Every structure is written in C-alpha cells, then in structure tokens.
$ cat start_26.cif   # mmCIF, C-alpha atoms and all ligand atoms
data_target
#
loop_
_atom_site.group_PDB
_atom_site.id
_atom_site.type_symbol
_atom_site.label_atom_id
_atom_site.label_comp_id
_atom_site.auth_asym_id
_atom_site.auth_seq_id
_atom_site.Cartn_x
_atom_site.Cartn_y
_atom_site.Cartn_z
ATOM 1 C CA MET A 1 -85.996 0.757 -6.991
ATOM 2 C CA ASN A 2 -85.938 2.013 -10.532
ATOM 3 C CA PRO A 3 -82.873 4.314 -10.762
ATOM 4 C CA ALA A 4 -84.658 6.424 -13.334
ATOM 5 C CA SER A 5 -87.274 7.309 -10.746
ATOM 6 C CA GLY A 6 -84.712 9.533 -9.119
ATOM 7 C CA SER A 7 -84.737 8.968 -5.427
ATOM 8 C CA ALA A 8 -82.077 6.211 -5.378
ATOM 9 C CA ASN A 9 -79.466 8.009 -7.438
ATOM 10 C CA PRO A 10 -79.940 11.663 -8.390
ATOM 11 C CA ILE A 11 -77.453 11.579 -11.280
ATOM 12 C CA GLU A 12 -79.274 8.581 -12.834
ATOM 13 C CA SER A 13 -82.492 10.517 -12.618
ATOM 14 C CA THR A 14 -80.896 13.552 -14.251
ATOM 15 C CA LEU A 15 -79.350 11.385 -16.966
ATOM 16 C CA HIS A 16 -82.778 9.902 -17.611
ATOM 17 C CA GLN A 17 -84.299 13.379 -17.920
ATOM 18 C CA ALA A 18 -81.564 14.472 -20.340
ATOM 19 C CA ARG A 19 -81.948 11.312 -22.440
ATOM 20 C CA GLU A 20 -85.689 11.879 -22.698
ATOM 21 C CA LEU A 21 -85.035 15.436 -23.860
ATOM 22 C CA LEU A 22 -82.597 14.234 -26.517
ATOM 23 C CA ARG A 23 -84.978 11.487 -27.659
ATOM 24 C CA ASN A 24 -87.851 13.909 -28.020
ATOM 25 C CA THR A 25 -86.010 16.581 -29.959
ATOM 26 C CA SER A 26 -84.855 16.324 -33.526
ATOM 27 C CA ASN A 27 -82.413 19.204 -33.939
ATOM 28 C CA ILE A 28 -79.683 19.248 -31.314
ATOM 29 C CA ALA A 29 -76.881 21.803 -31.470
ATOM 30 C CA VAL A 30 -73.780 21.335 -29.329
ATOM 31 C CA PHE A 31 -71.764 24.124 -27.705
ATOM 32 C CA THR A 32 -68.464 23.253 -26.032
ATOM 33 C CA GLY A 33 -65.720 24.942 -24.051
ATOM 34 C CA ALA A 34 -62.404 24.008 -22.510
ATOM 35 C CA GLY A 35 -64.019 21.558 -20.054
ATOM 36 C CA VAL A 36 -64.754 19.068 -22.841
ATOM 37 C CA SER A 37 -61.003 18.705 -23.457
ATOM 38 C CA ALA A 38 -59.911 18.762 -19.804
ATOM 39 C CA GLU A 39 -59.880 14.970 -19.620
ATOM 40 C CA SER A 40 -57.643 14.893 -22.694
ATOM 41 C CA GLY A 41 -55.016 16.626 -20.558
ATOM 42 C CA ILE A 42 -55.557 20.165 -21.847
ATOM 43 C CA PRO A 43 -55.846 22.627 -18.965
ATOM 44 C CA THR A 44 -58.871 24.903 -18.968
ATOM 45 C CA PHE A 45 -58.399 28.674 -18.820
ATOM 46 C CA ARG A 46 -60.025 29.632 -15.527
ATOM 47 C CA ASP A 47 -59.955 26.567 -13.258
ATOM 48 C CA ASP A 48 -57.258 26.311 -10.570
ATOM 49 C CA GLY A 49 -53.919 26.078 -12.343
ATOM 50 C CA GLY A 50 -55.585 27.182 -15.603
ATOM 51 C CA LEU A 51 -53.628 28.952 -18.324
ATOM 52 C CA TRP A 52 -54.838 32.439 -17.407
ATOM 53 C CA ALA A 53 -53.651 32.063 -13.785
ATOM 54 C CA ARG A 54 -50.092 31.694 -15.071
ATOM 55 C CA PHE A 55 -50.332 33.948 -18.119
ATOM 56 C CA PRO A 56 -52.696 36.902 -17.502
ATOM 57 C CA PRO A 57 -55.104 37.296 -20.426
ATOM 58 C CA GLU A 58 -54.646 41.104 -20.384
ATOM 59 C CA GLN A 59 -51.115 40.471 -21.640
ATOM 60 C CA PHE A 60 -51.347 37.121 -23.411
ATOM 61 C CA ALA A 61 -54.850 36.983 -24.877
ATOM 62 C CA ASN A 62 -54.749 39.981 -27.186
ATOM 63 C CA TRP A 63 -52.483 40.455 -30.181
ATOM 64 C CA LEU A 64 -51.157 43.877 -29.200
ATOM 65 C CA GLY A 65 -50.163 42.693 -25.710
ATOM 66 C CA LEU A 66 -48.650 39.501 -27.051
ATOM 67 C CA GLU A 67 -46.678 41.217 -29.799
ATOM 68 C CA GLN A 68 -45.365 43.881 -27.416
ATOM 69 C CA MET A 69 -44.308 41.154 -25.037
ATOM 70 C CA MET A 70 -42.465 39.312 -27.828
ATOM 71 C CA LEU A 71 -40.191 42.356 -28.021
ATOM 72 C CA SER A 72 -39.851 43.028 -24.290
ATOM 73 C CA ASN A 73 -39.892 39.475 -22.923
ATOM 74 C CA PRO A 74 -39.643 36.854 -25.682
ATOM 75 C CA LEU A 75 -38.665 34.251 -23.111
ATOM 76 C CA LEU A 76 -42.034 34.543 -21.379
ATOM 77 C CA VAL A 77 -43.936 34.403 -24.680
ATOM 78 C CA ALA A 78 -41.968 31.298 -25.645
ATOM 79 C CA SER A 79 -42.948 29.692 -22.310
ATOM 80 C CA PHE A 80 -46.577 30.635 -22.913
ATOM 81 C CA LEU A 81 -46.539 29.110 -26.396
ATOM 82 C CA VAL A 82 -44.938 25.902 -25.145
ATOM 83 C CA GLU A 83 -47.551 25.614 -22.370
ATOM 84 C CA LEU A 84 -50.330 26.240 -24.862
ATOM 85 C CA LEU A 85 -49.010 23.932 -27.579
ATOM 86 C CA ARG A 86 -47.593 20.978 -25.660
ATOM 87 C CA PRO A 87 -50.833 19.520 -24.216
ATOM 88 C CA ILE A 88 -52.744 20.177 -27.427
ATOM 89 C CA VAL A 89 -50.172 18.467 -29.627
ATOM 90 C CA ALA A 90 -50.109 15.437 -27.316
ATOM 91 C CA ALA A 91 -53.878 15.234 -26.815
ATOM 92 C CA GLN A 92 -56.280 12.625 -28.108
ATOM 93 C CA PRO A 93 -60.057 12.972 -28.032
ATOM 94 C CA ASN A 94 -61.652 11.673 -24.835
ATOM 95 C CA ALA A 95 -64.944 9.909 -24.224
ATOM 96 C CA ALA A 96 -66.819 13.240 -24.248
ATOM 97 C CA HIS A 97 -65.633 14.131 -27.778
ATOM 98 C CA HIS A 98 -66.487 10.597 -28.953
ATOM 99 C CA SER A 99 -69.964 10.794 -27.417
ATOM 100 C CA ILE A 100 -70.631 14.075 -29.235
ATOM 101 C CA ALA A 101 -69.476 12.505 -32.520
ATOM 102 C CA LYS A 102 -71.856 9.592 -31.818
ATOM 103 C CA LEU A 103 -74.712 12.025 -31.190
ATOM 104 C CA GLU A 104 -73.972 13.597 -34.575
ATOM 105 C CA GLN A 105 -74.422 10.177 -36.199
ATOM 106 C CA GLN A 106 -77.705 9.493 -34.434
ATOM 107 C CA LYS A 107 -79.491 12.848 -34.551
ATOM 108 C CA SER A 108 -79.660 15.924 -36.720
ATOM 109 C CA VAL A 109 -76.907 18.174 -35.333
ATOM 110 C CA PRO A 110 -76.764 21.535 -37.125
ATOM 111 C CA GLY A 111 -73.376 22.292 -35.584
ATOM 112 C CA VAL A 112 -70.830 21.347 -32.967
ATOM 113 C CA ILE A 113 -69.950 24.885 -31.960
ATOM 114 C CA THR A 114 -66.698 25.026 -30.041
ATOM 115 C CA GLN A 115 -64.661 27.714 -28.329
ATOM 116 C CA ASN A 116 -61.729 25.285 -28.336
ATOM 117 C CA ILE A 117 -58.730 25.561 -30.607
ATOM 118 C CA ASP A 118 -57.470 21.988 -30.245
ATOM 119 C CA GLY A 119 -59.115 20.194 -33.185
ATOM 120 C CA LEU A 120 -60.247 17.307 -30.949
ATOM 121 C CA HIS A 121 -63.879 17.253 -32.078
ATOM 122 C CA GLN A 122 -62.723 16.660 -35.646
ATOM 123 C CA LYS A 123 -60.263 13.995 -34.477
ATOM 124 C CA ALA A 124 -63.149 12.233 -32.723
ATOM 125 C CA GLY A 125 -65.108 12.177 -35.986
ATOM 126 C CA SER A 126 -67.440 15.174 -35.674
ATOM 127 C CA THR A 127 -68.021 16.554 -39.141
ATOM 128 C CA HIS A 128 -69.782 19.880 -38.679
ATOM 129 C CA VAL A 129 -67.472 21.645 -36.250
ATOM 130 C CA LEU A 130 -67.731 25.423 -35.967
ATOM 131 C CA GLU A 131 -64.545 26.794 -34.378
ATOM 132 C CA ILE A 132 -65.680 30.236 -33.306
ATOM 133 C CA HIS A 133 -62.345 31.074 -31.630
ATOM 134 C CA GLY A 134 -60.218 29.714 -34.491
ATOM 135 C CA SER A 135 -57.707 26.880 -34.429
ATOM 136 C CA LEU A 136 -54.186 26.404 -33.196
ATOM 137 C CA MET A 137 -53.728 23.929 -36.033
ATOM 138 C CA GLN A 138 -53.670 26.743 -38.606
ATOM 139 C CA THR A 139 -51.963 30.030 -39.381
ATOM 140 C CA VAL A 140 -53.652 32.934 -41.079
ATOM 141 C CA TYR A 141 -52.464 36.033 -42.933
ATOM 142 C CA VAL A 142 -53.094 39.207 -40.955
ATOM 143 C CA GLY A 143 -55.587 41.562 -42.564
ATOM 144 C CA ARG A 144 -56.645 39.129 -45.286
ATOM 145 C CA SER A 145 -60.178 37.811 -45.467
ATOM 146 C CA GLN A 146 -61.272 34.366 -44.349
ATOM 147 C CA GLY A 147 -60.160 31.501 -46.559
ATOM 148 C CA ASN A 148 -56.410 32.052 -46.394
ATOM 149 C CA GLU A 149 -55.743 29.615 -43.559
ATOM 150 C CA ARG A 150 -52.767 27.269 -43.775
ATOM 151 C CA ASP A 151 -53.053 23.927 -41.958
ATOM 152 C CA LEU A 152 -50.210 22.959 -39.655
ATOM 153 C CA THR A 153 -49.219 19.350 -39.064
ATOM 154 C CA VAL A 154 -48.644 17.838 -35.629
ATOM 155 C CA ASP A 155 -45.006 17.297 -36.677
ATOM 156 C CA GLU A 156 -44.573 20.994 -37.490
ATOM 157 C CA LEU A 157 -46.041 21.957 -34.124
ATOM 158 C CA SER A 158 -43.897 19.392 -32.284
ATOM 159 C CA GLU A 159 -40.775 20.775 -33.966
ATOM 160 C CA THR A 160 -41.834 24.289 -32.967
ATOM 161 C CA ILE A 161 -42.161 23.185 -29.336
ATOM 162 C CA GLN A 162 -38.642 21.732 -29.494
ATOM 163 C CA GLU A 163 -37.209 24.886 -31.050
ATOM 164 C CA LEU A 164 -38.940 27.069 -28.461
ATOM 165 C CA GLU A 165 -37.564 24.903 -25.660
ATOM 166 C CA ILE A 166 -34.045 25.263 -27.065
ATOM 167 C CA PHE A 167 -34.640 29.025 -27.270
ATOM 168 C CA ILE A 168 -35.805 29.115 -23.620
ATOM 169 C CA GLN A 169 -32.599 27.386 -22.540
ATOM 170 C CA SER A 170 -30.352 29.524 -24.743
ATOM 171 C CA ARG A 171 -28.046 32.160 -23.334
ATOM 172 C CA GLN A 172 -29.332 34.944 -25.539
ATOM 173 C CA PRO A 173 -33.110 34.811 -25.586
ATOM 174 C CA ASN A 174 -33.593 37.826 -27.861
ATOM 175 C CA PHE A 175 -36.402 38.743 -30.282
ATOM 176 C CA PRO A 176 -34.737 37.619 -33.577
ATOM 177 C CA ARG A 177 -33.934 34.224 -32.053
ATOM 178 C CA PHE A 178 -37.492 33.958 -30.769
ATOM 179 C CA LEU A 179 -38.862 34.702 -34.234
ATOM 180 C CA ASN A 180 -36.642 32.048 -35.721
ATOM 181 C CA ALA A 181 -37.791 29.441 -33.190
ATOM 182 C CA ALA A 182 -41.459 30.396 -33.670
ATOM 183 C CA ARG A 183 -41.271 30.832 -37.482
ATOM 184 C CA THR A 184 -43.921 28.175 -38.141
ATOM 185 C CA LEU A 185 -46.408 30.277 -36.181
ATOM 186 C CA PHE A 186 -45.267 33.878 -36.732
ATOM 187 C CA GLY A 187 -43.511 35.435 -39.692
ATOM 188 C CA VAL A 188 -43.666 37.147 -43.050
ATOM 189 C CA ASP A 189 -43.600 35.489 -46.464
ATOM 190 C CA SER A 190 -44.502 36.526 -49.996
ATOM 191 C CA PHE A 191 -48.236 36.537 -49.106
ATOM 192 C CA GLY A 192 -47.870 38.759 -46.051
ATOM 193 C CA ARG A 193 -47.584 38.505 -42.285
ATOM 194 C CA TYR A 194 -48.949 35.360 -40.700
ATOM 195 C CA ARG A 195 -49.766 34.243 -37.166
ATOM 196 C CA PRO A 196 -51.844 31.500 -35.487
ATOM 197 C CA ASN A 197 -55.494 31.468 -36.533
ATOM 198 C CA LEU A 198 -56.755 32.388 -33.078
ATOM 199 C CA VAL A 199 -59.474 34.780 -32.020
ATOM 200 C CA LEU A 200 -58.131 36.737 -29.061
ATOM 201 C CA PHE A 201 -59.848 39.403 -26.968
ATOM 202 C CA GLY A 202 -60.772 42.418 -29.056
ATOM 203 C CA ASP A 203 -60.848 40.434 -32.328
ATOM 204 C CA MET A 204 -63.907 39.956 -34.507
ATOM 205 C CA LEU A 205 -65.128 36.377 -34.623
ATOM 206 C CA PRO A 206 -64.766 34.714 -38.048
ATOM 207 C CA ALA A 207 -67.918 36.064 -39.700
ATOM 208 C CA LEU A 208 -69.024 33.012 -41.659
ATOM 209 C CA VAL A 209 -68.418 30.558 -38.838
ATOM 210 C CA TRP A 210 -70.191 32.805 -36.345
ATOM 211 C CA GLU A 211 -73.179 33.182 -38.702
ATOM 212 C CA GLN A 212 -73.394 29.398 -38.969
ATOM 213 C CA ALA A 213 -73.200 29.066 -35.177
ATOM 214 C CA VAL A 214 -75.982 31.609 -34.689
ATOM 215 C CA GLU A 215 -78.077 29.803 -37.301
ATOM 216 C CA ALA A 216 -77.464 26.395 -35.680
ATOM 217 C CA VAL A 217 -78.642 27.793 -32.353
ATOM 218 C CA ARG A 218 -81.592 29.543 -33.989
ATOM 219 C CA THR A 219 -82.864 26.307 -35.525
ATOM 220 C CA CYS A 220 -82.173 23.835 -32.712
ATOM 221 C CA ASP A 221 -84.808 22.503 -30.312
ATOM 222 C CA CYS A 222 -82.141 21.519 -27.823
ATOM 223 C CA LEU A 223 -78.685 22.886 -27.049
ATOM 224 C CA LEU A 224 -76.208 20.520 -25.415
ATOM 225 C CA VAL A 225 -73.716 22.723 -23.574
ATOM 226 C CA VAL A 226 -70.493 21.064 -22.413
ATOM 227 C CA GLY A 227 -67.675 22.392 -20.230
ATOM 228 C CA THR A 228 -67.872 26.142 -20.498
ATOM 229 C CA SER A 229 -67.860 28.882 -17.857
ATOM 230 C CA HIS A 230 -69.995 31.161 -20.094
ATOM 231 C CA LEU A 231 -67.694 34.045 -19.215
ATOM 232 C CA VAL A 232 -66.569 35.000 -22.701
ATOM 233 C CA TYR A 233 -68.722 37.014 -25.080
ATOM 234 C CA PRO A 234 -70.177 36.909 -27.648
ATOM 235 C CA ALA A 235 -69.822 33.104 -27.408
ATOM 236 C CA ALA A 236 -71.846 32.967 -24.188
ATOM 237 C CA THR A 237 -74.815 34.645 -25.878
ATOM 238 C CA LEU A 238 -75.430 31.436 -27.860
ATOM 239 C CA THR A 239 -76.880 29.707 -24.806
ATOM 240 C CA ASP A 240 -78.982 32.762 -23.917
ATOM 241 C CA SER A 241 -80.373 33.052 -27.409
ATOM 242 C CA ALA A 242 -81.204 29.322 -27.651
ATOM 243 C CA ARG A 243 -83.089 29.632 -24.361
ATOM 244 C CA ALA A 244 -84.864 32.789 -25.478
ATOM 245 C CA ARG A 245 -86.101 30.954 -28.580
ATOM 246 C CA GLY A 246 -87.526 28.139 -26.466
ATOM 247 C CA ALA A 247 -84.850 25.498 -27.029
ATOM 248 C CA LYS A 248 -84.186 23.122 -24.150
ATOM 249 C CA ILE A 249 -80.750 23.454 -22.582
ATOM 250 C CA ILE A 250 -78.783 20.490 -21.243
ATOM 251 C CA ASN A 251 -75.662 21.620 -19.405
ATOM 252 C CA VAL A 252 -72.869 19.105 -18.806
ATOM 253 C CA GLY A 253 -70.067 20.290 -16.577
ATOM 254 C CA LEU A 254 -68.898 21.510 -13.234
ATOM 255 C CA ASP A 255 -70.432 25.004 -13.403
ATOM 256 C CA SER A 256 -74.135 25.734 -13.533
ATOM 257 C CA CYS A 257 -75.916 27.925 -16.059
ATOM 258 C CA PRO A 258 -79.623 28.605 -16.617
ATOM 259 C CA CYS A 259 -80.728 25.291 -18.095
ATOM 260 C CA ASP A 260 -83.431 22.617 -18.120
ATOM 261 C CA VAL A 261 -81.127 19.801 -17.035
ATOM 262 C CA TRP A 262 -77.727 20.091 -15.389
ATOM 263 C CA LEU A 263 -75.549 16.994 -15.588
ATOM 264 C CA ARG A 264 -73.166 18.043 -12.900
ATOM 265 C CA GLY A 265 -69.764 16.401 -13.223
ATOM 266 C CA ARG A 266 -67.040 15.542 -15.684
ATOM 267 C CA ALA A 267 -68.045 15.416 -19.319
ATOM 268 C CA GLY A 268 -65.854 12.390 -20.074
ATOM 269 C CA GLU A 269 -67.782 10.399 -17.526
ATOM 270 C CA LEU A 270 -71.319 11.726 -17.993
ATOM 271 C CA LEU A 271 -71.635 12.039 -21.778
ATOM 272 C CA PRO A 272 -70.899 8.347 -22.476
ATOM 273 C CA ARG A 273 -73.467 7.431 -19.821
ATOM 274 C CA LEU A 274 -75.959 9.759 -21.438
ATOM 275 C CA MET A 275 -75.354 8.303 -24.896
ATOM 276 C CA ALA A 276 -75.315 4.685 -23.673
ATOM 277 C CA GLY A 277 -79.057 4.796 -23.243
ATOM 278 C CA MET A 278 -79.811 6.451 -26.596
HETATM 279 P P1 LIG B 1 -63.052 28.204 -18.938
HETATM 280 O O1 LIG B 1 -61.690 27.818 -18.460
HETATM 281 O O2 LIG B 1 -63.508 29.589 -18.662
HETATM 282 O O3 LIG B 1 -64.123 27.216 -18.320
HETATM 283 C C1 LIG B 1 -63.982 25.824 -18.367
HETATM 284 C C2 LIG B 1 -65.245 25.199 -17.850
HETATM 285 O O4 LIG B 1 -65.110 23.788 -17.924
HETATM 286 C C3 LIG B 1 -65.550 25.536 -16.384
HETATM 287 O O5 LIG B 1 -66.950 25.749 -16.253
HETATM 288 C C4 LIG B 1 -65.135 24.255 -15.650
HETATM 289 O O6 LIG B 1 -65.839 24.042 -14.446
HETATM 290 C C5 LIG B 1 -65.492 23.217 -16.682
HETATM 291 N N1 LIG B 1 -64.783 21.929 -16.566
HETATM 292 C C6 LIG B 1 -63.537 21.671 -16.124
HETATM 293 N N2 LIG B 1 -63.243 20.372 -16.236
HETATM 294 C C7 LIG B 1 -64.348 19.775 -16.754
HETATM 295 C C8 LIG B 1 -64.679 18.436 -17.113
HETATM 296 N N3 LIG B 1 -63.831 17.431 -16.962
HETATM 297 N N4 LIG B 1 -65.901 18.193 -17.642
HETATM 298 C C9 LIG B 1 -66.797 19.216 -17.813
HETATM 299 N N5 LIG B 1 -66.536 20.494 -17.496
HETATM 300 C C10 LIG B 1 -65.337 20.775 -16.968
HETATM 301 O O7 LIG B 1 -63.106 27.855 -20.493
HETATM 302 P P2 LIG B 1 -64.171 28.316 -21.585
HETATM 303 O O8 LIG B 1 -65.517 28.490 -21.008
HETATM 304 O O9 LIG B 1 -64.025 27.404 -22.732
HETATM 305 O O10 LIG B 1 -61.115 32.435 -25.428
HETATM 306 O O11 LIG B 1 -63.570 29.724 -21.952
HETATM 307 C C11 LIG B 1 -63.989 30.386 -23.081
HETATM 308 C C12 LIG B 1 -62.891 31.184 -23.668
HETATM 309 O O12 LIG B 1 -62.106 31.822 -22.647
HETATM 310 C C13 LIG B 1 -61.838 30.407 -24.409
HETATM 311 O O13 LIG B 1 -62.254 30.016 -25.675
HETATM 312 C C14 LIG B 1 -60.721 31.398 -24.497
HETATM 313 C C15 LIG B 1 -60.718 31.893 -23.077
HETATM 314 O O14 LIG B 1 -60.275 33.201 -22.882
HETATM 315 C C16 LIG B 1 -60.213 33.276 -25.940
HETATM 316 O O15 LIG B 1 -59.036 33.182 -25.693
HETATM 317 C C17 LIG B 1 -60.819 34.319 -26.825
#

$ encode --input "start_26.cif" --output "structure tokens"
Amino acid sequence: MNPASGSANPIESTLHQARELLRNTSNIAVFTGAGVSAESGIPTFRDDGGLWARFPPEQFANWLGLEQMMLSNPLLVASFLVELLRPIVAAQPNAAHHSIAKLEQQKSVPGVITQNIDGLHQKAGSTHVLEIHGSLMQTVYVGRSQGNERDLTVDELSETIQELEIFIQSRQPNFPRFLNAARTLFGVDSFGRYRPNLVLFGDMLPALVWEQAVEAVRTCDCLLVVGTSHLVYPAATLTDSARARGAKIINVGLDSCPCDVWLRGRAGELLPRLMAGM
C-alpha cells in the first residue's frame, strides 16, 4: 500500500499533506517556540519539569520581580540563572533547527520568527532570524533604544555560570557578591545600566523585530509553526493573523492549534522527515 495514501500509516499521510503544502507555496514563514530546542537539551517553560514549574514566572519572568528577588534572595536568582544558562550554553542545534535552515535555502522564507533566546537557529545556519523575545547571548542598556546590544561569547557565559555556582556554594550569599558573580549579565558601566537582552512579561517587544515578524506573517502563504504552546501574547497572535489572511498553517509539535496540518510529535524527528521528501 502506498504510505502516502494514508490508511497504512497516518503520520506518513500527514507528512505527505504537509510536503504538498510546502511544495505548492512560495512564501513560507516559520514561527518557533521552546519545543524546537527541547531535543537540544533545553527544557521548555510549561511542560512537566519546565522552567516555570521550578521558578514561577510571576517572580522570575518580569524585571521588577527579578530585581526585587536579587535583593531579598540572591541565592535563588543565582540558581535560576544557572538553570537558564547551563543548557543553553551547552546546546547545539538539533535536526529540527537544521531542517528549518534547509527550508530557508530551498524556499523563500521571509523570516524564522522565534520566541527562543538560545541562538540555535543562527547556529544551524538560518540567516533571517527574528528573535521577538530577545537573546540570552546579548546584554542591553536599560532605557536606551534598540541597537545598543552587546554580544556575549559562550566563554563569557560559561565563566558566569562558574562564578554563580561558586556564589551559590559560598557562606555569605549576599547581594554585592551576587552582583559580582553576575557582572557579565547585570551591572553599570560608563554607558549606563545593562542587563540580559530578554523580553519578559510586561515588556514591549523590540519594535523593529516585531514589525518584521508581522510583515513576514502578512506576506506568507504558509506558516510553519514548531513547538509552541501559543500561550504567550502578542507572539501567539502571529498564527491567528496568518490564518485570518488565508495562509496555510502547518503545526509541528505535541500540542494542537487551529491549523491545516498537524504533524503531531517531536520536531527533531518529524521535520527532517518532512524535508527529506522536498
Ligand atoms: P512552552 O513551554 O509554553 O511550550 C513548549 C511547546 O513545545 C509545548 O507545546 C510542547 O508540547 C512543545 N514541545 C515539547 N517538546 C517538543 C518537541 N520535542 N518537539 C516539538 N514540540 C515540543 O514554550 P513557548 O510556547 O515557546 O516568554 O513559550 C513562549 C514563551 O513563554 C517563551 O518565549 C517565554 C515563556 O514565558 C517569555 O519569557 C516572555
């Protein structure tokens, strides 16, 4: 039986449908979330054992909460930063990131829009990455306009992890010692106060990047959505607005969303299979 006919193997049939959609569309935007990096060893936010289960976002995912906690419980903030940084610093792109980079070479992709802060799409070779929630690989000066980012090296971040671990084990885990251990990420220099270039809850999205993401979705005929729960706004509106404009939606991941084709499963397994037939 021809697997593409569907009855023998439902996932083959769905892959076939998705491939046909990709073949028949010229402009394909990509929208990714934490699930695309899960197989690189980076925990997602909301799955079992995710970051937010251990570090509640009300305290850790907004600057006011985080900065207050640095004063009241620097030990906990140091643990949070180590848990956030360690998997990202160690991670390499997985087959899903590579498949998206391959898609970019084969089709017109107006943007690989990502909610992730890990830089793995770029490492895999994607060239038009739109990081709508910022990047952990950069710091930014507070209150200054876009364009004042400073890139951080993997070595700098690895050293920061080490210093934070020493701080966690120290006998006097106080705020000044925390600041010293975390000085690559947080501090003040002659240009002002800097912190990681992350968009947390309550922050505006980087205007230019968001405009480009909205434009990519506005002009695409197909949106390939990978590994997102669609629970965070305004990011989640991208899928809604692509749909509203008549673009086809292919969803790859463990959670459903309104879409034309749902490739249900792990992105690192399904995306290479999807691209193999392209
Ligand atoms: P979530 O943790 O909310 O969702 C991850 C999604 O990936 C879920 O739908 C999982 O089922 C799916 N998933 C897990 N493993 C997968 C795999 N191997 N292959 C495919 N899918 C998989 O993460 P996001 O949707 O990215 O924002 O969350 C969006 C935002 O919430 C983040 O950018 C962050 C967070 O709060 C801020 O901090 C502002």

$ residues_near_point --input "start_26.cif" --point "(-57.6, 39.7, -45.3)" --cutoff "12 Å" --atoms "only C-alpha atoms" --output "ChimeraX atom specification"
/A:140-149,191-194,206

$ write_last_selection --input "start_26.cif" --atoms "C-alpha atoms" --output "CSV table (one decimal), in the frame of the given file"
chain,number,residue,atom,x,y,z
A,140,VAL,CA,-53.7,32.9,-41.1
A,141,TYR,CA,-52.5,36.0,-42.9
A,142,VAL,CA,-53.1,39.2,-41.0
A,143,GLY,CA,-55.6,41.6,-42.6
A,144,ARG,CA,-56.6,39.1,-45.3
A,145,SER,CA,-60.2,37.8,-45.5
A,146,GLN,CA,-61.3,34.4,-44.3
A,147,GLY,CA,-60.2,31.5,-46.6
A,148,ASN,CA,-56.4,32.1,-46.4
A,149,GLU,CA,-55.7,29.6,-43.6
A,191,PHE,CA,-48.2,36.5,-49.1
A,192,GLY,CA,-47.9,38.8,-46.1
A,193,ARG,CA,-47.6,38.5,-42.3
A,194,TYR,CA,-48.9,35.4,-40.7
A,206,PRO,CA,-64.8,34.7,-38.0

$ residues_around --input "start_26.cif" --residues "Gly50 (chain A)" --least-positions-apart "4" --cutoff "12 Å" --atoms "all atoms listed in the file" --output "count of residues only"
15

$ residues_around --input "start_26.cif" --residues "region 218-233 of chain A" --least-positions-apart "6" --cutoff "6 Å" --atoms "all atoms listed in the file" --output "MDAnalysis selection string"
chainID A and resid 27:36 247:253

$ closest_residue --input "start_26.cif" --among "A:Asn73, A:Thr25, A:Asn94, A:Gln17" --to "Glu39 (chain A)" --atoms "only C-alpha atoms"
A:Asn94

$ residues_around --input "start_26.cif" --residues "Val199 (chain A)" --least-positions-apart "5" --cutoff "10 Å" --atoms "only C-alpha atoms" --output "list in words"
Ala61, Asn62, Trp63, Gln115, Ile117, Glu131, Ile132, His133, Gly134, Ser135, Leu136, Met204, Leu205 and Pro206 of chain A

$ residues_around --input "start_26.cif" --residues "Leu103 (chain A)" --least-positions-apart "5" --cutoff "12 Å" --atoms "all atoms listed in the file" --output "list of chain:residue names"
A:Arg19, A:Leu22, A:Arg23, A:Ser26, A:Asn27, A:Ile28, A:Ala29, A:Val30, A:Ala96, A:His97, A:His98, A:Ser108, A:Val109, A:Pro110, A:Gly111, A:Val112, A:Ala124, A:Gly125, A:Ser126, A:Thr127, A:His128, A:Leu224, A:Leu271, A:Pro272, A:Leu274, A:Met275, A:Ala276, A:Gly277, A:Met278

$ atom_distance --input "start_26.cif" --atom1 "atom C4 of ligand LIG 1 (chain B)" --atom2 "CA of Ser241 (chain A)"
21.2 Å

$ axis_aligned_box --input "start_26.cif" --around "ligand LIG 1 (chain B)" --padding-each-side "5 Å" --output "AutoDock Vina command-line options"
--center_x -63.0 --center_y 25.9 --center_z -20.6 --size_x 17.9 --size_y 26.9 --size_z 22.4

$ atom_distance --input "start_26.cif" --atom1 "atom O10 of ligand LIG 1 (chain B)" --atom2 "CA of Glu58 (chain A)"
11.9 Å

$ residues_near_point --input "start_26.cif" --point "(-73.5, 33.6, -35.2)" --cutoff "10 Å" --atoms "all atoms listed in the file" --output "ChimeraX atom specification"
/A:113,132,205-218,234-235,237-238

$ closest_residue --input "start_26.cif" --among "A:Ala236, A:Val77, A:Leu254, A:Val261" --to "ligand LIG 1 (chain B)" --atoms "all atoms listed in the file"
A:Leu254

$ atom_distance --input "start_26.cif" --atom1 "CA of Asp118 (chain A)" --atom2 "CA of Leu81 (chain A)"
13.6 Å

$ resolve_selection --input "start_26.cif" --expression "the PyMOL selection byres (((chain A and resi 160-169) around 12) and not hetatm)" --output "number ranges by chain"
A: 73-90, 152-159, 170-186

$ closest_residue --input "start_26.cif" --among "A:Leu200, A:Ile11, A:His121, A:Gln105" --to "ligand LIG 1 (chain B)" --atoms "all atoms listed in the file"
A:Leu200

$ build_atoms --input "start_26.cif" --residues "region 131-139 of chain A" --atoms "N, CA, C and O atoms" --output "compact mmCIF listing (two decimals), in the coordinates of the input"
# COMPACT_ATOMS: atom_id res chain seq x y z
N GLU A 131 -65.57 26.32 -35.33
CA GLU A 131 -64.54 26.79 -34.38
C GLU A 131 -64.63 28.31 -34.29
O GLU A 131 -63.97 29.03 -35.04
N ILE A 132 -65.42 28.79 -33.34
CA ILE A 132 -65.68 30.24 -33.31
C ILE A 132 -64.49 31.03 -32.78
O ILE A 132 -64.42 32.24 -32.98
N HIS A 133 -63.55 30.38 -32.09
CA HIS A 133 -62.34 31.07 -31.63
C HIS A 133 -61.11 30.66 -32.43
O HIS A 133 -59.98 30.89 -32.00
N GLY A 134 -61.33 30.07 -33.62
CA GLY A 134 -60.22 29.71 -34.49
C GLY A 134 -59.60 28.38 -34.12
O GLY A 134 -60.21 27.56 -33.43
N SER A 135 -58.37 28.17 -34.62
CA SER A 135 -57.71 26.88 -34.43
C SER A 135 -56.20 27.08 -34.29
O SER A 135 -55.60 27.84 -35.06
N LEU A 136 -55.64 26.36 -33.35
CA LEU A 136 -54.19 26.40 -33.20
C LEU A 136 -53.51 25.57 -34.28
O LEU A 136 -52.30 25.62 -34.45
N MET A 137 -54.29 24.81 -35.01
CA MET A 137 -53.73 23.93 -36.03
C MET A 137 -53.61 24.65 -37.38
O MET A 137 -53.43 24.02 -38.41
N GLN A 138 -53.76 25.97 -37.35
CA GLN A 138 -53.67 26.74 -38.61
C GLN A 138 -52.96 28.07 -38.35
O GLN A 138 -53.00 28.59 -37.24
N THR A 139 -52.36 28.62 -39.42
CA THR A 139 -51.96 30.03 -39.38
C THR A 139 -52.84 30.79 -40.37
O THR A 139 -53.51 30.19 -41.23
